[in-house]
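Shown below: structure00.txt, with compact mmCIF, C-alpha atoms.
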```txt
# COMPACT_ATOMS: atom_id res chain seq x y z
CA MET A 1272 -37.61 58.70 -6.47
CA VAL A 1273 -39.29 59.83 -9.74
CA LEU A 1274 -42.14 61.31 -7.69
CA ARG A 1275 -39.66 63.24 -5.57
CA ILE A 1276 -37.91 64.65 -8.64
CA LEU A 1277 -41.28 65.65 -10.19
CA LYS A 1278 -42.37 67.23 -6.92
CA ASN A 1279 -39.15 69.25 -6.65
CA PHE A 1280 -39.37 70.23 -10.32
CA SER A 1281 -42.96 71.51 -10.06
CA LYS A 1282 -42.03 73.31 -6.84
CA ARG A 1283 -39.18 75.06 -8.63
CA ILE A 1284 -41.46 76.00 -11.56
CA LEU A 1285 -44.01 77.47 -9.13
CA ASN A 1286 -41.26 79.31 -7.32
CA SER A 1287 -39.95 80.79 -10.52
CA ILE A 1288 -43.47 81.93 -11.52
CA PHE A 1289 -44.51 83.33 -8.16
CA GLY A 1290 -41.02 84.15 -6.93
CA ARG A 1291 -41.61 82.57 -3.54
CA LYS A 1292 -41.18 79.16 -1.93
CA GLU A 1293 -44.00 77.86 0.25
CA SER A 1294 -41.49 76.95 2.97
CA VAL A 1295 -37.69 76.99 3.21
CA LYS A 1296 -35.93 74.29 5.22
CA ILE A 1297 -33.30 76.03 7.35
CA GLY A 1298 -30.90 73.93 9.42
CA PHE A 1299 -29.03 75.21 12.47
CA TYR A 1300 -25.60 73.59 12.62
CA GLY A 1301 -22.44 74.09 14.64
CA PRO A 1302 -20.32 72.80 17.51
CA PRO A 1303 -21.93 71.94 20.88
CA ASN A 1304 -22.91 74.81 23.19
CA ALA A 1305 -22.71 77.50 20.52
CA GLY A 1306 -26.35 78.44 21.06
CA LYS A 1307 -28.15 76.76 18.15
CA THR A 1308 -31.21 75.88 20.21
CA SER A 1309 -31.19 79.28 21.94
CA LEU A 1310 -31.35 80.98 18.54
CA ALA A 1311 -33.95 78.54 17.17
CA ASN A 1312 -35.99 79.09 20.36
CA ARG A 1313 -35.82 82.88 20.00
CA ILE A 1314 -37.03 82.69 16.39
CA CYS A 1315 -39.81 80.23 17.23
CA GLN A 1316 -40.85 82.27 20.30
CA ASP A 1317 -40.90 85.47 18.24
CA TRP A 1318 -43.09 84.03 15.50
CA THR A 1319 -45.03 81.07 16.92
CA GLY A 1320 -44.99 81.72 20.66
CA GLU A 1321 -43.51 78.26 21.28
CA GLU A 1322 -39.98 77.03 21.87
CA ILE A 1323 -38.30 74.24 19.89
CA GLY A 1324 -36.23 72.60 22.66
CA ASN A 1325 -34.46 72.81 26.01
CA VAL A 1326 -31.23 74.71 26.54
CA SER A 1327 -28.56 74.01 29.14
CA ASN A 1328 -24.96 74.84 30.07
CA VAL A 1329 -24.18 71.12 29.91
CA PRO A 1330 -22.86 70.31 26.40
CA HIS A 1331 -24.96 68.12 24.08
CA GLU A 1332 -28.31 69.15 25.55
CA THR A 1333 -29.78 68.69 22.06
CA ARG A 1334 -29.28 65.03 21.16
CA HIS A 1335 -31.94 64.61 18.50
CA VAL A 1336 -32.84 66.67 15.47
CA GLN A 1337 -35.87 68.78 16.39
CA PHE A 1338 -37.93 70.96 14.11
CA LYS A 1339 -40.77 73.42 13.90
CA GLU A 1340 -42.91 73.53 10.75
CA LYS A 1341 -44.46 76.62 9.18
CA VAL A 1342 -42.68 79.38 11.05
CA GLU A 1343 -43.92 82.50 9.31
CA ILE A 1344 -41.49 85.38 9.68
CA LYS A 1345 -42.37 88.95 8.73
CA HIS A 1346 -39.59 91.40 8.08
CA LYS A 1347 -39.80 94.87 6.52
CA GLY A 1348 -43.14 94.17 4.85
CA LYS A 1349 -42.09 90.78 3.47
CA THR A 1350 -43.22 87.39 4.74
CA MET A 1351 -41.42 84.06 4.42
CA THR A 1352 -42.27 80.66 5.83
CA PHE A 1353 -39.58 78.41 7.23
CA LYS A 1354 -39.16 74.92 8.56
CA ILE A 1355 -36.68 75.47 11.39
CA ILE A 1356 -34.44 72.44 11.96
CA ASP A 1357 -32.31 72.46 15.10
CA THR A 1358 -29.52 69.85 15.09
CA PRO A 1359 -27.27 68.34 17.78
CA GLY A 1360 -23.81 69.93 17.98
CA ILE A 1361 -21.14 68.18 15.91
CA ALA A 1362 -17.97 67.06 17.72
CA THR A 1363 -15.18 64.53 17.18
CA LYS A 1364 -15.17 63.25 20.76
CA ILE A 1365 -17.62 62.49 23.54
CA ASP A 1366 -16.50 61.85 27.09
CA TYR A 1367 -19.17 61.14 29.69
CA GLU A 1368 -16.80 62.37 32.41
CA GLU A 1369 -17.14 65.89 30.99
CA PHE A 1370 -20.84 65.80 31.88
CA ILE A 1371 -20.05 64.69 35.44
CA LYS A 1372 -18.09 67.94 35.87
CA PHE A 1373 -21.41 69.76 35.34
CA GLY A 1374 -23.01 67.78 38.17
CA VAL A 1375 -24.63 65.07 36.05
CA LYS A 1376 -24.70 61.66 37.81
CA LYS A 1377 -22.53 58.90 36.32
CA GLY A 1378 -25.36 56.75 34.96
CA GLU A 1379 -27.11 59.74 33.42
CA ALA A 1380 -23.79 61.02 32.02
CA LYS A 1381 -23.17 57.68 30.26
CA LYS A 1382 -26.68 57.72 28.82
CA ARG A 1383 -26.20 61.31 27.68
CA ALA A 1384 -22.90 60.37 25.99
CA LYS A 1385 -24.52 57.49 24.14
CA GLU A 1386 -27.36 59.69 22.93
CA ALA A 1387 -24.90 62.45 21.97
CA THR A 1388 -22.92 60.11 19.69
CA GLN A 1389 -26.14 59.11 17.92
CA GLY A 1390 -27.18 62.77 17.71
CA ILE A 1391 -23.97 63.70 15.91
CA ILE A 1392 -24.52 60.93 13.35
CA GLU A 1393 -28.11 62.14 12.92
CA SER A 1394 -26.94 65.74 12.37
CA ILE A 1395 -24.55 64.69 9.61
CA GLN A 1396 -27.16 62.51 7.93
CA TRP A 1397 -29.66 65.40 7.88
CA LEU A 1398 -27.27 67.61 5.88
CA ASP A 1399 -28.75 66.31 2.61
CA ASP A 1400 -32.23 67.50 3.60
CA MET A 1401 -31.32 71.15 4.12
CA GLU A 1402 -32.11 73.94 1.68
CA ALA A 1403 -30.04 76.51 3.57
CA VAL A 1404 -27.97 76.39 6.74
CA VAL A 1405 -27.23 78.82 9.55
CA ILE A 1406 -23.95 77.91 11.21
CA VAL A 1407 -23.98 79.05 14.81
CA LEU A 1408 -20.56 79.67 16.38
CA ASP A 1409 -19.73 80.82 19.89
CA ALA A 1410 -18.01 84.18 19.33
CA THR A 1411 -16.01 83.75 22.55
CA GLU A 1412 -14.37 80.54 21.27
CA SER A 1413 -11.68 80.04 18.64
CA PRO A 1414 -13.29 79.48 15.21
CA TYR A 1415 -10.25 77.60 13.83
CA SER A 1416 -11.73 74.20 14.55
CA GLN A 1417 -11.58 71.49 11.91
CA VAL A 1418 -15.19 70.58 12.70
CA ASN A 1419 -16.29 74.04 11.48
CA ILE A 1420 -14.30 73.58 8.24
CA THR A 1421 -15.77 70.08 7.82
CA ILE A 1422 -19.35 71.32 8.22
CA ILE A 1423 -18.88 74.21 5.77
CA GLY A 1424 -16.98 71.98 3.32
CA ASN A 1425 -19.86 69.52 3.27
CA LEU A 1426 -22.41 72.29 2.69
CA VAL A 1427 -20.33 73.74 -0.17
CA ALA A 1428 -20.08 70.25 -1.70
CA ARG A 1429 -23.89 70.00 -1.59
CA LYS A 1430 -24.31 73.57 -2.91
CA ILE A 1431 -26.29 74.55 0.18
CA PRO A 1432 -26.16 78.30 0.97
CA VAL A 1433 -24.60 79.24 4.32
CA LEU A 1434 -24.97 82.08 6.81
CA ILE A 1435 -22.61 82.24 9.78
CA VAL A 1436 -23.91 83.55 13.09
CA ALA A 1437 -21.43 84.72 15.72
CA ASN A 1438 -23.46 84.17 18.87
CA LYS A 1439 -22.91 85.39 22.45
CA ILE A 1440 -21.81 88.92 21.48
CA ASP A 1441 -23.19 90.06 24.83
CA LEU A 1442 -20.08 88.50 26.41
CA LYS A 1443 -16.85 90.52 26.79
CA LYS A 1444 -14.65 87.85 25.21
CA ALA A 1445 -16.72 87.79 21.99
CA ASP A 1446 -14.67 88.46 18.85
CA ILE A 1447 -16.77 88.69 15.67
CA LYS A 1448 -13.85 89.99 13.61
CA LYS A 1449 -11.95 86.77 14.23
CA ILE A 1450 -14.87 84.77 12.81
CA GLU A 1451 -15.25 87.18 9.86
CA SER A 1452 -11.59 86.93 8.96
CA THR A 1453 -11.59 83.16 9.38
CA PHE A 1454 -14.49 82.76 6.93
CA PRO A 1455 -14.07 85.71 4.54
CA ASP A 1456 -16.30 84.16 1.86
CA TYR A 1457 -19.38 84.06 4.09
CA GLU A 1458 -21.72 86.61 5.58
CA VAL A 1459 -21.28 86.76 9.36
CA VAL A 1460 -23.91 88.28 11.65
CA GLY A 1461 -23.12 88.91 15.30
CA ILE A 1462 -26.03 88.34 17.68
CA SER A 1463 -26.93 87.41 21.20
CA ALA A 1464 -29.63 84.73 21.13
CA LYS A 1465 -29.84 85.13 24.91
CA ASP A 1466 -30.84 88.79 25.02
CA GLY A 1467 -31.97 89.28 21.41
CA THR A 1468 -29.26 91.75 20.38
CA ASN A 1469 -29.09 92.32 16.60
CA MET A 1470 -31.99 90.02 15.71
CA GLU A 1471 -33.25 92.51 13.10
CA GLU A 1472 -29.95 92.25 11.25
CA PHE A 1473 -30.15 88.47 11.59
CA TYR A 1474 -33.65 88.34 10.03
CA GLU A 1475 -32.43 90.54 7.19
CA ALA A 1476 -29.58 88.08 6.54
CA LEU A 1477 -31.91 85.09 6.94
CA PHE A 1478 -34.19 86.43 4.19
CA ARG A 1479 -31.18 86.93 1.91
CA LEU A 1480 -30.08 83.36 2.67
CA ALA A 1481 -33.55 81.95 1.98
CA LYS A 1482 -33.63 83.60 -1.43
CA LYS A 1483 -30.49 81.66 -2.39
CA ALA A 1484 -32.10 78.35 -1.38
CA MET B 838 14.36 45.22 36.14
CA GLY B 839 14.12 47.46 33.06
CA LYS B 840 12.95 51.01 33.33
CA ASN B 841 9.52 51.81 31.83
CA TYR B 842 9.56 54.55 29.21
CA LYS B 843 6.45 56.22 27.96
CA GLY B 844 6.36 56.23 24.16
CA LEU B 845 4.46 58.10 21.54
CA SER B 846 3.67 56.25 18.36
CA LEU B 847 3.40 58.30 15.19
CA GLN B 848 2.33 56.75 11.93
CA VAL B 849 2.98 58.63 8.70
CA ILE B 850 0.72 57.74 5.79
CA PRO B 851 2.00 58.90 2.39
CA TYR B 852 -0.60 60.23 -0.02
CA SER B 853 0.21 57.44 -2.47
CA GLU B 854 -0.95 54.92 0.13
CA ILE B 855 -4.49 56.34 0.33
CA GLU B 856 -4.83 57.85 -3.14
CA ARG B 857 -6.72 54.94 -4.69
CA LEU B 858 -8.73 53.90 -1.65
CA THR B 859 -12.50 54.37 -1.45
CA ILE B 860 -14.02 56.55 1.30
CA SER B 861 -14.81 53.48 3.41
CA GLU B 862 -11.30 52.07 2.98
CA ARG B 863 -9.63 55.38 3.92
CA VAL B 864 -11.77 55.88 7.00
CA LYS B 865 -11.30 52.24 8.03
CA LYS B 866 -7.52 52.56 7.66
CA VAL B 867 -7.47 55.70 9.82
CA LEU B 868 -9.69 54.25 12.53
CA THR B 869 -7.76 50.97 12.68
CA LEU B 870 -4.59 52.93 13.47
CA ILE B 871 -6.41 55.18 15.93
CA LEU B 872 -7.65 52.12 17.81
CA ALA B 873 -4.03 50.96 18.01
CA ASN B 874 -3.39 54.24 19.89
CA LYS B 875 -1.33 55.79 17.13
CA ILE B 876 -1.19 59.43 16.13
CA ILE B 877 -1.50 59.59 12.37
CA ILE B 878 0.07 62.12 10.05
CA ILE B 879 -1.44 61.87 6.59
CA GLN B 880 0.36 63.45 3.69
CA GLY B 881 -2.65 65.16 2.17
CA ARG B 882 -6.10 65.87 3.46
CA LEU B 883 -9.36 64.03 3.49
CA ARG B 884 -12.25 65.37 1.43
CA ALA B 885 -15.07 67.11 3.32
CA GLU B 886 -17.34 64.09 2.81
CA GLU B 887 -14.58 61.78 4.12
CA GLU B 888 -14.12 63.95 7.22
CA ALA B 889 -17.87 63.80 7.82
CA ARG B 890 -17.80 60.02 7.39
CA LEU B 891 -14.81 59.82 9.74
CA ILE B 892 -16.79 61.71 12.39
CA GLU B 893 -19.83 59.46 11.86
CA ASP B 894 -17.80 56.25 12.14
CA THR B 895 -15.87 57.63 15.12
CA MET B 896 -19.16 58.28 16.92
CA ALA B 897 -20.39 54.78 16.12
CA MET B 898 -17.17 53.43 17.67
CA VAL B 899 -17.46 55.64 20.77
CA ASP B 900 -20.88 54.09 21.19
CA HIS B 901 -19.63 50.51 20.88
CA ILE B 902 -16.00 50.35 22.05
CA LYS B 903 -15.30 50.61 25.76
CA ASN B 904 -12.99 53.47 26.78
CA PHE B 905 -12.82 54.89 23.26
CA LYS B 906 -13.92 58.53 23.45
CA GLY B 907 -13.14 59.88 20.00
CA ILE B 908 -10.48 61.69 18.02
CA GLU B 909 -8.75 65.02 17.61
CA LEU B 910 -8.33 66.20 14.03
CA ALA B 911 -6.52 69.10 12.37
CA VAL B 912 -5.25 69.99 8.90
CA ILE B 913 -2.24 72.15 8.13
CA GLU B 914 -1.14 73.42 4.78
CA PRO B 915 2.63 73.88 4.75
CA ASP B 916 2.73 74.95 1.09
CA MET B 917 0.95 78.19 1.89
CA ARG B 918 3.12 79.30 4.77
CA ASP B 919 3.96 82.60 3.09
CA LYS B 920 0.37 83.41 2.21
CA GLY B 921 -0.88 84.23 5.70
CA PHE B 922 -3.32 82.31 7.84
CA MET B 923 -6.51 84.01 6.62
CA PHE B 924 -5.67 83.23 3.01
CA LYS B 925 -5.13 79.61 4.00
CA MET B 926 -8.48 79.42 5.80
CA LYS B 927 -10.27 80.91 2.80
CA HIS B 928 -8.88 78.24 0.52
CA SER B 929 -9.09 75.48 3.08
CA ILE B 930 -12.80 74.89 2.49
CA ALA B 931 -12.46 74.82 -1.29
CA ARG B 932 -9.59 72.37 -1.00
CA SER B 933 -11.56 70.14 1.32
CA LEU B 934 -13.89 69.37 -1.57
CA VAL B 935 -11.25 67.65 -3.62
CA GLY B 936 -8.68 66.48 -1.12
CA GLU B 937 -5.20 67.96 -1.17
CA SER B 938 -1.91 66.13 -1.38
CA SER B 939 0.29 69.01 -0.16
CA ALA B 940 -1.55 69.46 3.14
CA LEU B 941 -0.86 67.50 6.32
CA THR B 942 -3.63 65.96 8.40
CA ILE B 943 -3.07 65.08 12.03
CA ILE B 944 -5.48 62.67 13.66
CA GLY B 945 -5.05 61.17 17.11
CA PRO B 946 -7.13 59.32 19.67
CA CYS B 947 -8.38 61.85 22.22
CA SER B 948 -7.08 59.59 25.00
CA ILE B 949 -3.58 60.63 23.82
CA VAL B 950 -4.15 63.93 22.02
CA LYS B 951 -6.02 66.14 24.45
CA GLU B 952 -6.39 69.06 22.08
CA ILE B 953 -5.02 70.46 18.84
CA LYS B 954 -5.00 74.25 19.10
CA LYS B 955 -4.77 76.26 15.92
CA ASP B 956 -4.40 79.99 15.71
CA PRO B 957 -3.01 82.34 13.05
CA LYS B 958 0.59 81.86 14.18
CA LYS B 959 0.95 78.29 15.32
CA MET B 960 -0.48 74.86 15.88
CA GLU B 961 -0.11 73.15 19.25
CA VAL B 962 -0.71 69.46 19.86
CA LEU B 963 -1.48 69.02 23.55
CA LEU B 964 -1.01 65.49 24.86
CA SER B 965 -2.98 63.94 27.72
```
Could the structure of this file be written out as structure tokens, please?
Amino acid sequence: MVLRILKNFSKRILNSIFGRKESVKIGFYGPPNAGKTSLANRICQDWTGEEIGNVSNVPHETRHVQFKEKVEIKHKGKTMTFKIIDTPGIATKIDYEEFIKFGVKKGEAKKRAKEATQGIIESIQWLDDMEAVVIVLDATESPYSQVNITIIGNLVARKIPVLIVANKIDLKKADIKKIESTFPDYEVVGISAKDGTNMEEFYEALFRLAKKA
Amino acid sequence: MGKNYKGLSLQVIPYSEIERLTISERVKKVLTLILANKIIIIQGRLRAEEEARLIEDTMAMVDHIKNFKGIELAVIEPDMRDKGFMFKMKHSIARSLVGESSALTIIGPCSIVKEIKKDPKKMEVLLS
């Protein structure tokens, strides 16, 4: 414990002298199927040439926290290094029958449900380890979910800086303004992780977020 | 033979009843009622950390209790009706840090409450 405090203290001193952290831990949080892994994959592909995890239309594809160390991102002449942490989507209910509707067999669906419940617990427990968080929301879905408020409330309580990403803006139903007006205190960037729309603006916002960490 | 009526059991919890409880006690109280298939209306709201703990404990129960699939959860703030929905959302997060006795929290087992839809004009509780 004392070692950890000393380590953090010396890190902060170094940061204040050199004005730069060696690596910023960025968590990707949000409800299931919002595109957290798609965005994390795009970033990791862009800067390391490797993906972080699988994506799927079936909810709860990510059921364990997965991360990529030392992702060096260059933007407008500046370079920052990140630890990208992709987390399972947070939900208040898990029904294996929902997975069957996507063609998953019963046994596999039950296994997936069990892993998904553990993934949600893992996501919440990892909140304390984050230095900054990108909340990924599906811009075609209603943002007025209590889960979104709960996630942001917990980050505010821990004084962790937040950036909100409105993903899937390539889809007709996407409504960024709804997300912006729902969370007026936070910066919202609209992107499409699928086709890469607006990633430059995202990196700009990511750098601003990292500086607050 | 008597006719079978389908009932809906609502349990109102006054703020005074949960005010002095610890996080664990509050969450346990909520989940005990949820397991009894009751829809709970809490006078007040849970703190952000309590909501997170509620989700964690709910997931642990989904994992261990047969046929339990989780909860639906929503918070409404009747005191701010005149302020507009966006104003309410803006303050909702700040309030979630300290709890709020004037808000109303609705929590139900998802086997009974299929969905709670919130939009700027209304809240709909859809039953299964």
Pick out the residues sitting within 6 Å of region 1337-1339 of chain A, and hand them over as a list of chain:residue names; count all atoms listed in the file, and ignore anything fewer than 4 positions along from it in its own chain.
-> A:Lys1354, A:Ile1355, A:Ile1356, A:Asp1357
Rank B:Thr859, B:Thr942, B:Ser965, B:Thr895 by their smallest atom-to-atom distance to chain A, using all atoms listed in the file, and report the top residue only.
-> B:Thr895
Would you give me, as a tab-separated table, each residue of chain A having an atom within 8 Å of an atom of chain B, along with its shortest atom pair and that distance in Å to one decimal, using all atoms listed in the file and sorting by chain and residue number?
```
residue	atom	partner	partner_atom	distance
A:Ala1362	CA	B:Ile892	CA	7.6
A:Thr1363	CA	B:Ile908	CA	5.6
A:Lys1364	CA	B:Gly907	CA	4.0
A:Ile1365	CA	B:Lys906	CA	5.4
A:Asp1366	CA	B:Lys906	CA	5.6
A:Lys1385	CA	B:Asp900	CA	5.8
A:Thr1388	CA	B:Met896	CA	5.0
A:Gln1389	CA	B:Met896	CA	7.1
A:Ile1391	CA	B:Glu893	CA	7.2
A:Ile1392	CA	B:Glu893	CA	5.1
A:Ile1395	CA	B:Ala889	CA	7.0
A:Ser1413	CA	B:Asp956	CA	7.8
A:Tyr1415	CA	B:Lys955	CA	6.0
A:Ser1416	CA	B:Lys955	CA	7.4
A:Gln1417	CA	B:Ala911	CA	5.6
A:Ile1420	CA	B:Ile930	CA	6.1
A:Thr1421	CA	B:Ala885	CA	5.4
A:Ile1422	CA	B:Ala889	CA	7.7
A:Ile1423	CA	B:Ile930	CA	6.9
A:Gly1424	CA	B:Ile930	CA	5.2
A:Asn1425	CA	B:Ala885	CA	5.4
A:Val1427	CA	B:Leu934	CA	7.9
A:Ala1428	CA	B:Leu934	CA	6.3
A:Ser1452	CA	B:Met923	CA	6.3
A:Thr1453	CA	B:Met923	CA	5.8
A:Phe1454	CA	B:Lys927	CA	6.2
A:Pro1455	CA	B:Lys927	CA	6.4
A:Asp1456	CA	B:Lys927	CA	6.9
```
Point-to-point distance from CA of Val1407 (chain A) to CA of Phe1373 (chain A), Å rounded to tenths |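 So the answer is 22.7 Å.
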Just how far from CA of Glu1379 (chain A) is CA of Asn1304 (chain A), in Å to one decimal?
->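 These two atoms are separated by 18.7 Å.
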Which residues come within 12 Å of Arg1479 (chain A), counting all atoms listed in the file, excluding same-chain residues fewer than 4 positions away, as a list in words?
->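 These residues fall inside the cut-off: Val1295, His1346, Lys1349, Met1351, Ala1403, Val1405, Pro1432, Val1433, Leu1434, Glu1458, Glu1472, Phe1473, Tyr1474, Glu1475, Lys1483 and Ala1484 of chain A.
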Please measure the separation of CA of Glu914 (chain B) and CA of Pro1302 (chain A), giving the value in Å to one decimal.
->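 Answer for the CA of Glu914 (chain B) to CA of Pro1302 (chain A) separation: 23.0 Å.
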Give the answer as one residue: which of A:Lys1377, A:Lys1382, A:Lys1307, A:Arg1429 has the shortest atom-to-atom distance to Leu1398 (chain A), using all atoms listed in the file?
-> A:Arg1429
Who sits within 8 Å of His1331 (chain A), only C-alpha atoms, same chain under 3 positions skipped, as a ChimeraX atom specification | /A:1303-1304,1334,1359-1360,1383,1387
Just the residues within 9 Å of Tyr852 (chain B), please, counting only C-alpha atoms, with nothing from its chain fewer than 3 positions along; format it as a PyMOL selection string.
-> chain B and resi 855-856+879-882+938-939
Who sits within 7 Å of region 864-872 of chain B, all atoms listed in the file, same chain under 3 positions skipped, as a list in words |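 Counting all atoms listed in the file, the residues come to Ile860, Ser861, Lys875, Ile876, Leu891, Gly945 and Pro946 of chain B.
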Go ahead and write the selection's residues with C-alpha atoms as a PDB file, in the coordinates of the input.
```pdb
ATOM      1  CA  ILE B 860     -14.020  56.550   1.300  1.00  0.00           C
ATOM      2  CA  SER B 861     -14.810  53.480   3.410  1.00  0.00           C
ATOM      3  CA  LYS B 875      -1.330  55.790  17.130  1.00  0.00           C
ATOM      4  CA  ILE B 876      -1.190  59.430  16.130  1.00  0.00           C
ATOM      5  CA  LEU B 891     -14.810  59.820   9.740  1.00  0.00           C
ATOM      6  CA  GLY B 945      -5.050  61.170  17.110  1.00  0.00           C
ATOM      7  CA  PRO B 946      -7.130  59.320  19.670  1.00  0.00           C
TER       8      PRO B 946
END
```
Rank nothing, just name the residue among A:Gly1348, A:Val1436, A:Ile1450, A:Glu1386 nearest to Met1470 (chain A), using all atoms listed in the file.
->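 So, comparing all the options, the nearest one is A:Val1436.
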